[in-house]
Amino acid sequence: MTDSTILLGAVAYDPKVVTIWEGMRDYFREQGAPMDFALFSNYERQVETLLKGHIDIAWDTPLAHVQVKLRTGARSISLGMRDTDCGFQSKIVVRKDSGIGSLNDLEGRTLAVGSRDSVQARILPLYYLHREKVDLSRVEVLRFDTDLGKHGDTGTSELDVLAAIHDGLAQAGAVGDLVWVAEQAAGRVDAGKVEVLWTTPGFNHCMFDALPTLPEEKVAAFQRVLSSMRWDNPSHRRLMELEGLHEWVEAGEEGYQSLFQALEAGFYDGAVTG
Amino acid sequence: MTAPSPGSETASAVAVDGGDLPLGGGLLALVRPALDLLEAGGVLAVISTASSLEEDLPSWCRAERHAYLSREGLPDGRTRHLLERGRLSVAAGEREYGIELPNRGGRVLSADMLAAVPMPERAGSSTGFAPRGAQVEPGGPQYPFSLLERDRVAPPDVAQLYDQAVASQWDAQRDVPWDTIRPLAPVLERALGQIMTFLAENELSALYVPARFLPRIHPYYAEVAMFLASQLADEARHIDVFLKRARAAGGGVGVSSVTTAQSLLSLLELEDFTEAAFLLSVLGEGTFLDLLRYIERYAPDEATAELTRRARLDEARHVHFGLAHTRHALGHDAGLYQRLEAAVRRRAATLHTAGGVPAHLQDSLTMLAAGSAEPKAVARGHEAFRELLDTMHEQRIKRVLNAGFTQEQAETISGLHTPNFM
C-alpha cells in the first residue's frame, strides 16, 4: 500500500457492506485510484477515527455527517452522496381506524418511532412534529431502539414501527419514505389498515466526509472515479443496487439544516456506543 | 388503460384509471406496466380517488427515479396525478404488441414464429436468456454465449426442421414390436449384440457432442438449441432401444474397440460448431444412414427392423440439419471450405494408427447379412458388407457435394473419413 491509497471508512451494518466495498475497491483500482476500506461497528467510532486522521474518508449517515461538521467547525469537506440521499422524507403513518385526522390528533395517542440514532425514523420526525406545534409531551412515544450505533441503516427499527402499527401497539408511527414505499411495493403493508397522515419536509441523507487536510489529489481522484459509475454498466450496477442508488451526485449541504436544528433543540439523546 | 394501438410501439403519453386503489393495494400493477409503455420523459396520468396517493406517489417516484410533476382536481372530484418516466432502467427496444401467429388447422408452427420474429444477424452477450423480441433492461450481467452470428449458427429452415422433429417423436416402448423377437442361433444373437453395442456407443457420442455446443448458442437463435434438444432426445431414445435389443434375447453387449474410442474422442474434442455439424452430422450420421439401412434390410425380426428404421428416419433429420447448417455457413464464409477440409484431415491424422472398420463390427455385420454360419452364406454376407462400404463412400460424396464442395474435395473428404463410420 502506498500513501496514495485512499483509506475509506464504512460501517458494517449488514454483510453486504463487505461485498459493496470489496467491489468498490476493485473498481477504484481499475480506474487508477487505489482505495482500501476499514469497517467499523458503529458510526461514533468511525467519526472519531476520521477526526484523528486515521482514515481519509468516512461514508457517513446524516447524523454522523452533522457531527463531523460540528466537530470540525464546519471545515470538513463533503465529497458526494447518492441520488437517493437527496430530498429524503419521513412519513407519519397512522392506522385508519385510529381516528387520527390531523397532526394534533397524535396527542394522547401512541406514536411508534425507530432507533434514537435514526434520523428518518426518530430524530427528524419528532423534530418536525415539534415544529408543527404538536405537544410531544402529550404523545405516548413507543421507542424501538434496535441496532444502536448503526444510525438506522439496517431499517430494522422502521420495520418494527410498521409492525407495531399493524398490530395495534401504536396508532401512529414514523418511518423513512424509502422503507414506506418499498414495503408497500412488496405487498407487506395492509393498505386497508394503515395510511400516511403526513410527510415531513425533505432533508439530505448520507454523505462522504473528509477532513480539510485530505490531499487535493485524493479528493479529485475519489470524486472522479465515483462520478464515473453508471447505472447501465453491469459491473457498476451490481454495486449501485447493493448500495441503493442510481447515480452519485454532488454534495448538497442545504439539506442538513433541519438536522442541525434538531440536535440543537435536543432531539438526539446522544450516543450509547463509541 | 389507454393502450397503444396494435404493433410494437412506445407511447409518449398514457393514462390509467386507478379507482380508489392505494399505492400498496394494487395500484402499482397498473402504474408500472403503463410506465413501461413510455419512453424516458413520457408522461403518465394517474386518475384516482385515493387521497393517500398525494403522499405516496411522490415518494414512490423519488425512490424509482421518476418525476412527480403535478396533481390537479378534476370536475368529478377525482384527482389527476402526472408522472414523468425517468431515464433509468428504460428497457431497450420497443414493446412487442399485436403479433398473431397463424393457426394452421389447430397447429401453431415454430416456422411461423421465426417468420414473425426473425433472427438478428448478430446477438450481444448482455441480453442473457431474454427471448428474441423481448425488451431488455440495461445493466444486466454478461453471459458467456459464444455463438453470436446467425450465419454461423442458424440455417434458414431450422424452425421447419424443429417442427418436423417435434412431430416425428416416437415412443420406444409402444412403437417397436418387441414381441416379434425370437431366439436366434447364438452366433447370430452375439453378432446382433455386437452391432447394437457399436450403435449405442456411437449414439452416446452423438448425444454428448451436440450437447457441448448447446449452451454456447445465443438464445436469440433458440430454434437451433431447440432442434439440438430434439436431436439429443432422439439419441437418448436410440441408445435405449439399441441396448434393449442387445439384451432382449441373450446376445448381450459386446466389445468397444480402440478405433471407435479414438474416433469418437476426436469428435468430442471439436471446439467449432460448424466443424462438429459437418463431421458428426453430415459425415458421421450420414454414413450411419447407410449402416442403419443395411441392418434394417438384414434384420432377423420385425422389432430390429422397426427400431433401426425409426432411428434412421431420425438420423436423416440430423443429417438434413447438418447439411443445411454447413451449406448456409459455407455460403457466407468462403474460407470455411478450407477449414472444414483441414478439420477432416486433422481428424484423419489423429486416427492414423486406427485400423480399418473395427473387426468385431465387421464380422458381426457380415454374419448379420449371412444369416447363418454356413460358409456359402458367410460369403454372401462378406459380399454384402463390401458393398456397404462402397455404398457409404458413394453416398458420402453425394452429401459432401450437396453441402457445397467440389467433386474433387468431396472425394478427398469421403476418402479421409473415419473407418469407424461415425
# chains A, B, ... in the order shown; residues from 1 in each chain; ligands from 1
>>> interface_residues(of="chain A", to="chain B", cutoff="10 Å", atoms="only C-alpha atoms", output="PDB file with C-alpha atoms, in the first residue's frame")
ATOM      1  CA  ASP A  83     -29.146  10.445  -5.642  1.00  0.00           C
ATOM      2  CA  THR A  84     -31.424   8.730  -3.149  1.00  0.00           C
ATOM      3  CA  CYS A  86     -31.408  13.982  -1.720  1.00  0.00           C
ATOM      4  CA  GLY A  87     -34.873  15.022  -0.696  1.00  0.00           C
ATOM      5  CA  PHE A  88     -35.324  12.218   1.804  1.00  0.00           C
ATOM      6  CA  GLN A  89     -38.573  12.464   3.742  1.00  0.00           C
ATOM      7  CA  SER A  90     -40.174  10.828   6.732  1.00  0.00           C
ATOM      8  CA  LYS A  91     -43.738   9.640   6.859  1.00  0.00           C
ATOM      9  CA  GLY A 176     -38.488   6.905   6.188  1.00  0.00           C
ATOM     10  CA  ASP A 177     -40.122   7.298   2.805  1.00  0.00           C
ATOM     11  CA  LEU A 178     -37.949   4.682   1.084  1.00  0.00           C
ATOM     12  CA  VAL A 179     -38.880   1.984   3.583  1.00  0.00           C
ATOM     13  CA  TRP A 180     -42.524   3.018   3.359  1.00  0.00           C
ATOM     14  CA  VAL A 181     -42.793   2.746  -0.432  1.00  0.00           C
ATOM     15  CA  ALA A 182     -40.584  -0.353  -0.584  1.00  0.00           C
ATOM     16  CA  GLU A 183     -42.778  -2.152   1.945  1.00  0.00           C
ATOM     17  CA  GLN A 184     -45.887  -1.109   0.049  1.00  0.00           C
ATOM     18  CA  ALA A 185     -44.450  -2.152  -3.309  1.00  0.00           C
ATOM     19  CA  ALA A 186     -43.530  -5.525  -1.812  1.00  0.00           C
ATOM     20  CA  GLY A 187     -47.097  -6.001  -0.609  1.00  0.00           C
ATOM     21  CA  ARG A 188     -46.145  -6.009   3.061  1.00  0.00           C
ATOM     22  CA  VAL A 189     -48.340  -3.086   4.027  1.00  0.00           C
ATOM     23  CA  ASP A 190     -52.039  -3.643   4.615  1.00  0.00           C
ATOM     24  CA  ALA A 191     -53.390  -0.672   2.687  1.00  0.00           C
ATOM     25  CA  GLY A 192     -56.781  -1.234   4.238  1.00  0.00           C
ATOM     26  CA  VAL A 194     -52.668   1.917   7.508  1.00  0.00           C
ATOM     27  CA  GLU A 195     -52.016   5.069   5.525  1.00  0.00           C
ATOM     28  CA  VAL A 196     -49.849   8.151   5.543  1.00  0.00           C
ATOM     29  CA  LEU A 197     -51.081  11.074   7.623  1.00  0.00           C
ATOM     30  CA  TRP A 198     -48.268  13.468   6.869  1.00  0.00           C
ATOM     31  CA  THR A 199     -44.977  13.764   5.043  1.00  0.00           C
ATOM     32  CA  ARG A 230     -23.022   4.287 -14.495  1.00  0.00           C
ATOM     33  CA  TRP A 231     -26.304   2.532 -13.818  1.00  0.00           C
ATOM     34  CA  ASP A 232     -26.318   0.914 -17.253  1.00  0.00           C
ATOM     35  CA  ASN A 233     -22.871  -0.610 -16.781  1.00  0.00           C
ATOM     36  CA  PRO A 234     -23.444  -4.155 -15.464  1.00  0.00           C
ATOM     37  CA  SER A 235     -20.464  -4.250 -13.115  1.00  0.00           C
ATOM     38  CA  HIS A 236     -21.292  -0.812 -11.722  1.00  0.00           C
ATOM     39  CA  ARG A 237     -24.992  -1.508 -11.470  1.00  0.00           C
ATOM     40  CA  ARG A 238     -24.455  -4.503  -9.216  1.00  0.00           C
ATOM     41  CA  GLY A 244     -29.139   1.749  -3.021  1.00  0.00           C
ATOM     42  CA  LEU A 245     -28.512   4.431  -5.607  1.00  0.00           C
ATOM     43  CA  HIS A 246     -28.831   5.136  -9.310  1.00  0.00           C
ATOM     44  CA  GLU A 247     -26.110   7.739  -9.578  1.00  0.00           C
TER      45      GLU A 247
END
>>> select_by_dssp(residues="range 150-229 of chain A", states="strand (DSSP E or B)", output="list of chain:residue names")
A:Ala172, A:Gly173, A:Ala174, A:Val175, A:Gly176, A:Val194, A:Glu195, A:Val196, A:Leu197, A:Trp198, A:Thr199, A:Phe203, A:Met207, A:Phe208, A:Asp209, A:Ala210
>>> write_last_selection(atoms="N, CA and C atoms", output="compact mmCIF listing (two decimals), in the first residue's frame")
# COMPACT_ATOMS: atom_id res chain seq x y z
N ALA A 172 -49.95 5.28 15.53
CA ALA A 172 -49.20 6.02 14.52
C ALA A 172 -47.74 5.67 14.65
N GLY A 173 -46.96 6.08 13.65
CA GLY A 173 -45.53 5.80 13.70
C GLY A 173 -44.78 6.61 12.67
N ALA A 174 -43.46 6.62 12.83
CA ALA A 174 -42.62 7.39 11.92
C ALA A 174 -41.65 6.46 11.21
N VAL A 175 -41.62 6.56 9.88
CA VAL A 175 -40.68 5.77 9.07
C VAL A 175 -40.15 6.64 7.94
N GLY A 176 -39.03 6.21 7.35
CA GLY A 176 -38.49 6.90 6.19
C GLY A 176 -39.32 6.59 4.96
N VAL A 194 -53.54 0.77 7.19
CA VAL A 194 -52.67 1.92 7.51
C VAL A 194 -52.53 2.83 6.30
N GLU A 195 -52.25 4.10 6.60
CA GLU A 195 -52.02 5.07 5.53
C GLU A 195 -51.16 6.20 6.06
N VAL A 196 -50.69 7.02 5.14
CA VAL A 196 -49.85 8.15 5.54
C VAL A 196 -50.74 9.30 6.00
N LEU A 197 -50.39 9.87 7.15
CA LEU A 197 -51.08 11.07 7.62
C LEU A 197 -50.36 12.32 7.13
N TRP A 198 -49.03 12.25 7.15
CA TRP A 198 -48.27 13.47 6.87
C TRP A 198 -46.87 13.11 6.40
N THR A 199 -46.34 13.94 5.54
CA THR A 199 -44.98 13.76 5.04
C THR A 199 -44.15 14.96 5.49
N PHE A 203 -35.07 16.31 3.49
CA PHE A 203 -33.75 16.51 4.10
C PHE A 203 -32.76 15.59 3.40
N MET A 207 -23.51 10.95 3.42
CA MET A 207 -22.50 11.82 2.79
C MET A 207 -21.11 11.24 3.01
N PHE A 208 -20.25 11.40 2.00
CA PHE A 208 -18.82 11.09 2.18
C PHE A 208 -18.15 12.31 2.81
N ASP A 209 -17.57 12.11 3.98
CA ASP A 209 -16.92 13.20 4.70
C ASP A 209 -15.41 13.02 4.72
N ALA A 210 -14.70 14.14 4.71
CA ALA A 210 -13.25 14.11 4.85
C ALA A 210 -12.80 15.34 5.62
>>> residues_around(residues="Val161 in chain A", least_positions_apart="2", cutoff="8 Å", atoms="only C-alpha atoms", output="ChimeraX atom specification")
/A:112-114,144,157-159,163-165,173-175
>>> atom_distance(atom1="CA of Ser76 in chain A", atom2="CA of Thr19 in chain A")
27.9 Å
>>> residues_around(residues="Gly124 in chain B", least_positions_apart="6", cutoff="10 Å", atoms="only C-alpha atoms", output="MDAnalysis selection string")
chainID B and resid 142:143 145:149 218 220
>>> closest_residue(among="B:Thr326, B:Thr197, B:Ser70, B:Thr418", to="Leu361 in chain B", atoms="only C-alpha atoms")
B:Thr197
>>> select_by_dssp(residues="range 53-152 of chain B", states="alpha helix (DSSP H)", output="count of residues only")
22
>>> residues_around(residues="range 284-298 of chain B", least_positions_apart="3", cutoff="8 Å", atoms="only C-alpha atoms", output="list in words")
Leu279, Leu280, Ser281, Thr304, Ala305, Glu306, Thr308, Arg309, Ala311, Arg312, Glu315, Ala316, His318, Val319, Leu365, Leu368, Ala369, Gly371, Leu388, Thr391, Met392, Gln395, Arg396, Arg399, Phe421 and Met422 of chain B
>>> write_last_selection(atoms="C-alpha atoms", output="PDB file, in the first residue's frame")
ATOM      1  CA  LEU B 279     -18.049 -34.123 -39.082  1.00  0.00           C
ATOM      2  CA  LEU B 280     -20.765 -35.520 -36.830  1.00  0.00           C
ATOM      3  CA  SER B 281     -23.961 -34.929 -38.765  1.00  0.00           C
ATOM      4  CA  THR B 304     -34.971 -54.975 -35.013  1.00  0.00           C
ATOM      5  CA  ALA B 305     -36.060 -53.780 -38.444  1.00  0.00           C
ATOM      6  CA  GLU B 306     -38.504 -51.284 -36.981  1.00  0.00           C
ATOM      7  CA  THR B 308     -33.409 -49.343 -36.952  1.00  0.00           C
ATOM      8  CA  ARG B 309     -35.866 -47.882 -39.454  1.00  0.00           C
ATOM      9  CA  ALA B 311     -33.610 -44.478 -35.847  1.00  0.00           C
ATOM     10  CA  ARG B 312     -32.646 -43.975 -39.498  1.00  0.00           C
ATOM     11  CA  GLU B 315     -30.792 -39.595 -38.239  1.00  0.00           C
ATOM     12  CA  ALA B 316     -31.895 -38.385 -41.658  1.00  0.00           C
ATOM     13  CA  HIS B 318     -29.988 -34.725 -38.161  1.00  0.00           C
ATOM     14  CA  VAL B 319     -28.136 -35.098 -41.454  1.00  0.00           C
ATOM     15  CA  LEU B 365     -22.224 -57.153 -39.955  1.00  0.00           C
ATOM     16  CA  LEU B 368     -25.972 -60.492 -39.923  1.00  0.00           C
ATOM     17  CA  ALA B 369     -26.171 -60.405 -43.709  1.00  0.00           C
ATOM     18  CA  GLY B 371     -27.975 -65.134 -41.600  1.00  0.00           C
ATOM     19  CA  LEU B 388     -21.952 -51.484 -47.843  1.00  0.00           C
ATOM     20  CA  THR B 391     -22.332 -47.502 -50.843  1.00  0.00           C
ATOM     21  CA  MET B 392     -21.212 -45.481 -47.838  1.00  0.00           C
ATOM     22  CA  GLN B 395     -23.375 -41.610 -50.612  1.00  0.00           C
ATOM     23  CA  ARG B 396     -20.886 -39.628 -48.547  1.00  0.00           C
ATOM     24  CA  ARG B 399     -23.727 -35.480 -49.270  1.00  0.00           C
ATOM     25  CA  PHE B 421     -18.235 -44.677 -39.783  1.00  0.00           C
ATOM     26  CA  MET B 422     -19.096 -42.037 -37.106  1.00  0.00           C
TER      27      MET B 422
END
>>> atom_distance(atom1="CA of Leu214 in chain B", atom2="CA of Gln173 in chain B")
27.7 Å
>>> residues_around(residues="Gly73 in chain A", least_positions_apart="6", cutoff="12 Å", atoms="only C-alpha atoms", output="list in words")
Leu51, Val66, Gln67, Leu211 and Pro212 of chain A
>>> write_last_selection(atoms="N, CA, C and O atoms", output="PDB file, in the first residue's frame")
ATOM      1  N   LEU A  51     -11.730  11.926  12.556  1.00  0.00           N
ATOM      2  CA  LEU A  51     -11.253  13.168  13.174  1.00  0.00           C
ATOM      3  C   LEU A  51      -9.795  13.045  13.609  1.00  0.00           C
ATOM      4  O   LEU A  51      -9.051  14.028  13.607  1.00  0.00           O
ATOM      5  N   VAL A  66     -23.376  15.437  10.277  1.00  0.00           N
ATOM      6  CA  VAL A  66     -23.590  16.674  11.038  1.00  0.00           C
ATOM      7  C   VAL A  66     -22.642  16.730  12.232  1.00  0.00           C
ATOM      8  O   VAL A  66     -22.112  17.792  12.584  1.00  0.00           O
ATOM      9  N   GLN A  67     -22.376  15.573  12.836  1.00  0.00           N
ATOM     10  CA  GLN A  67     -21.427  15.558  13.948  1.00  0.00           C
ATOM     11  C   GLN A  67     -20.023  15.938  13.475  1.00  0.00           C
ATOM     12  O   GLN A  67     -19.310  16.673  14.159  1.00  0.00           O
ATOM     13  N   LEU A 211     -11.622  15.259   6.195  1.00  0.00           N
ATOM     14  CA  LEU A 211     -11.061  16.435   6.858  1.00  0.00           C
ATOM     15  C   LEU A 211     -10.533  17.395   5.793  1.00  0.00           C
ATOM     16  O   LEU A 211     -10.191  16.967   4.687  1.00  0.00           O
ATOM     17  N   PRO A 212     -10.450  18.674   6.131  1.00  0.00           N
ATOM     18  CA  PRO A 212      -9.954  19.645   5.135  1.00  0.00           C
ATOM     19  C   PRO A 212      -8.496  19.393   4.762  1.00  0.00           C
ATOM     20  O   PRO A 212      -8.018  19.947   3.763  1.00  0.00           O
TER      21      PRO A 212
END
>>> atom_distance(atom1="CA of Phe242 in chain B", atom2="CA of Ala167 in chain B")
22.1 Å
>>> residues_around(residues="Arg317 in chain B", least_positions_apart="5", cutoff="9 Å", atoms="only C-alpha atoms", output="PDB file with all heavy atoms, in the first residue's frame")
ATOM      1  N   LEU B 161     -37.363 -27.591 -39.519  1.00  0.00           N
ATOM      2  CA  LEU B 161     -36.762 -28.846 -39.056  1.00  0.00           C
ATOM      3  C   LEU B 161     -37.188 -29.142 -37.620  1.00  0.00           C
ATOM      4  O   LEU B 161     -37.439 -30.291 -37.251  1.00  0.00           O
ATOM      5  CB  LEU B 161     -35.234 -28.768 -39.158  1.00  0.00           C
ATOM      6  CG  LEU B 161     -34.676 -28.836 -40.576  1.00  0.00           C
ATOM      7  CD1 LEU B 161     -33.184 -28.524 -40.591  1.00  0.00           C
ATOM      8  CD2 LEU B 161     -34.931 -30.217 -41.168  1.00  0.00           C
ATOM      9  N   GLN B 164     -40.704 -30.407 -37.690  1.00  0.00           N
ATOM     10  CA  GLN B 164     -40.698 -31.811 -38.128  1.00  0.00           C
ATOM     11  C   GLN B 164     -40.237 -32.730 -37.006  1.00  0.00           C
ATOM     12  O   GLN B 164     -40.799 -33.810 -36.792  1.00  0.00           O
ATOM     13  CB  GLN B 164     -39.749 -31.999 -39.317  1.00  0.00           C
ATOM     14  CG  GLN B 164     -40.260 -31.468 -40.637  1.00  0.00           C
ATOM     15  CD  GLN B 164     -39.165 -31.544 -41.700  1.00  0.00           C
ATOM     16  OE1 GLN B 164     -38.206 -32.293 -41.572  1.00  0.00           O
ATOM     17  NE2 GLN B 164     -39.314 -30.743 -42.736  1.00  0.00           N
ATOM     18  N   ALA B 165     -39.195 -32.302 -36.323  1.00  0.00           N
ATOM     19  CA  ALA B 165     -38.623 -33.147 -35.266  1.00  0.00           C
ATOM     20  C   ALA B 165     -39.657 -33.413 -34.175  1.00  0.00           C
ATOM     21  O   ALA B 165     -39.810 -34.539 -33.692  1.00  0.00           O
ATOM     22  CB  ALA B 165     -37.386 -32.471 -34.673  1.00  0.00           C
ATOM     23  N   GLN B 231     -32.706 -33.418 -31.096  1.00  0.00           N
ATOM     24  CA  GLN B 231     -31.697 -34.379 -31.546  1.00  0.00           C
ATOM     25  C   GLN B 231     -31.182 -35.185 -30.341  1.00  0.00           C
ATOM     26  O   GLN B 231     -31.008 -36.404 -30.432  1.00  0.00           O
ATOM     27  CB  GLN B 231     -30.547 -33.618 -32.214  1.00  0.00           C
ATOM     28  CG  GLN B 231     -29.516 -34.509 -32.865  1.00  0.00           C
ATOM     29  CD  GLN B 231     -28.538 -33.704 -33.735  1.00  0.00           C
ATOM     30  OE1 GLN B 231     -28.844 -32.601 -34.189  1.00  0.00           O
ATOM     31  NE2 GLN B 231     -27.366 -34.262 -33.959  1.00  0.00           N
ATOM     32  N   ARG B 312     -33.162 -44.532 -38.241  1.00  0.00           N
ATOM     33  CA  ARG B 312     -32.646 -43.975 -39.498  1.00  0.00           C
ATOM     34  C   ARG B 312     -33.419 -42.718 -39.896  1.00  0.00           C
ATOM     35  O   ARG B 312     -32.823 -41.723 -40.336  1.00  0.00           O
ATOM     36  CB  ARG B 312     -32.755 -45.032 -40.606  1.00  0.00           C
ATOM     37  CG  ARG B 312     -32.274 -44.557 -41.968  1.00  0.00           C
ATOM     38  CD  ARG B 312     -32.168 -45.695 -42.969  1.00  0.00           C
ATOM     39  NE  ARG B 312     -33.415 -46.428 -43.128  1.00  0.00           N
ATOM     40  CZ  ARG B 312     -34.458 -45.999 -43.853  1.00  0.00           C
ATOM     41  NH1 ARG B 312     -34.401 -44.820 -44.466  1.00  0.00           N
ATOM     42  NH2 ARG B 312     -35.557 -46.705 -43.953  1.00  0.00           N
ATOM     43  N   GLY B 322     -27.500 -30.870 -40.403  1.00  0.00           N
ATOM     44  CA  GLY B 322     -26.056 -30.684 -40.580  1.00  0.00           C
ATOM     45  C   GLY B 322     -25.742 -30.140 -41.962  1.00  0.00           C
ATOM     46  O   GLY B 322     -24.906 -29.236 -42.123  1.00  0.00           O
TER      47      GLY B 322
END
>>> closest_residue(among="A:Ser102, A:Thr110, A:Gln46, A:Ser41", to="Val134 in chain A", atoms="only C-alpha atoms")
A:Ser102
>>> decode(residues="range 152-163 of chain A", atoms="N, CA, C and O atoms", output="mmCIF file, in the first residue's frame")
data_model
loop_
_atom_site.group_PDB
_atom_site.id
_atom_site.type_symbol
_atom_site.label_atom_id
_atom_site.label_comp_id
_atom_site.auth_asym_id
_atom_site.auth_seq_id
_atom_site.Cartn_x
_atom_site.Cartn_y
_atom_site.Cartn_z
ATOM 1 N N GLY A 152 -29.749 3.756 12.154
ATOM 2 C CA GLY A 152 -30.937 3.426 11.371
ATOM 3 C C GLY A 152 -30.661 2.769 10.036
ATOM 4 O O GLY A 152 -31.584 2.479 9.263
ATOM 5 N N ASP A 153 -29.390 2.498 9.720
ATOM 6 C CA ASP A 153 -29.047 1.923 8.415
ATOM 7 C C ASP A 153 -29.719 0.583 8.150
ATOM 8 O O ASP A 153 -30.043 0.264 7.001
ATOM 9 N N THR A 154 -29.889 -0.204 9.194
ATOM 10 C CA THR A 154 -30.429 -1.547 8.965
ATOM 11 C C THR A 154 -31.906 -1.504 8.618
ATOM 12 O O THR A 154 -32.432 -2.450 8.037
ATOM 13 N N GLY A 155 -32.569 -0.430 8.989
ATOM 14 C CA GLY A 155 -34.004 -0.339 8.716
ATOM 15 C C GLY A 155 -34.848 -1.186 9.657
ATOM 16 O O GLY A 155 -36.083 -1.181 9.569
ATOM 17 N N THR A 156 -34.201 -1.902 10.554
ATOM 18 C CA THR A 156 -34.954 -2.813 11.424
ATOM 19 C C THR A 156 -35.978 -2.065 12.267
ATOM 20 O O THR A 156 -37.125 -2.510 12.415
ATOM 21 N N SER A 157 -35.559 -0.921 12.825
ATOM 22 C CA SER A 157 -36.488 -0.220 13.715
ATOM 23 C C SER A 157 -37.684 0.323 12.943
ATOM 24 O O SER A 157 -38.791 0.434 13.475
ATOM 25 N N GLU A 158 -37.482 0.641 11.645
ATOM 26 C CA GLU A 158 -38.618 1.116 10.847
ATOM 27 C C GLU A 158 -39.619 -0.014 10.598
ATOM 28 O O GLU A 158 -40.831 0.204 10.599
ATOM 29 N N LEU A 159 -39.094 -1.212 10.391
ATOM 30 C CA LEU A 159 -39.998 -2.354 10.233
ATOM 31 C C LEU A 159 -40.720 -2.642 11.545
ATOM 32 O O LEU A 159 -41.905 -3.016 11.547
ATOM 33 N N ASP A 160 -40.007 -2.441 12.666
ATOM 34 C CA ASP A 160 -40.650 -2.602 13.980
ATOM 35 C C ASP A 160 -41.801 -1.609 14.135
ATOM 36 O O ASP A 160 -42.866 -1.936 14.667
ATOM 37 N N VAL A 161 -41.567 -0.396 13.666
ATOM 38 C CA VAL A 161 -42.605 0.643 13.758
ATOM 39 C C VAL A 161 -43.834 0.226 12.950
ATOM 40 O O VAL A 161 -44.975 0.281 13.436
ATOM 41 N N LEU A 162 -43.602 -0.221 11.710
ATOM 42 C CA LEU A 162 -44.741 -0.619 10.864
ATOM 43 C C LEU A 162 -45.485 -1.806 11.468
ATOM 44 O O LEU A 162 -46.726 -1.853 11.445
ATOM 45 N N ALA A 163 -44.722 -2.748 12.035
ATOM 46 C CA ALA A 163 -45.365 -3.909 12.654
ATOM 47 C C ALA A 163 -46.209 -3.483 13.847
ATOM 48 O O ALA A 163 -47.323 -3.995 14.063
#
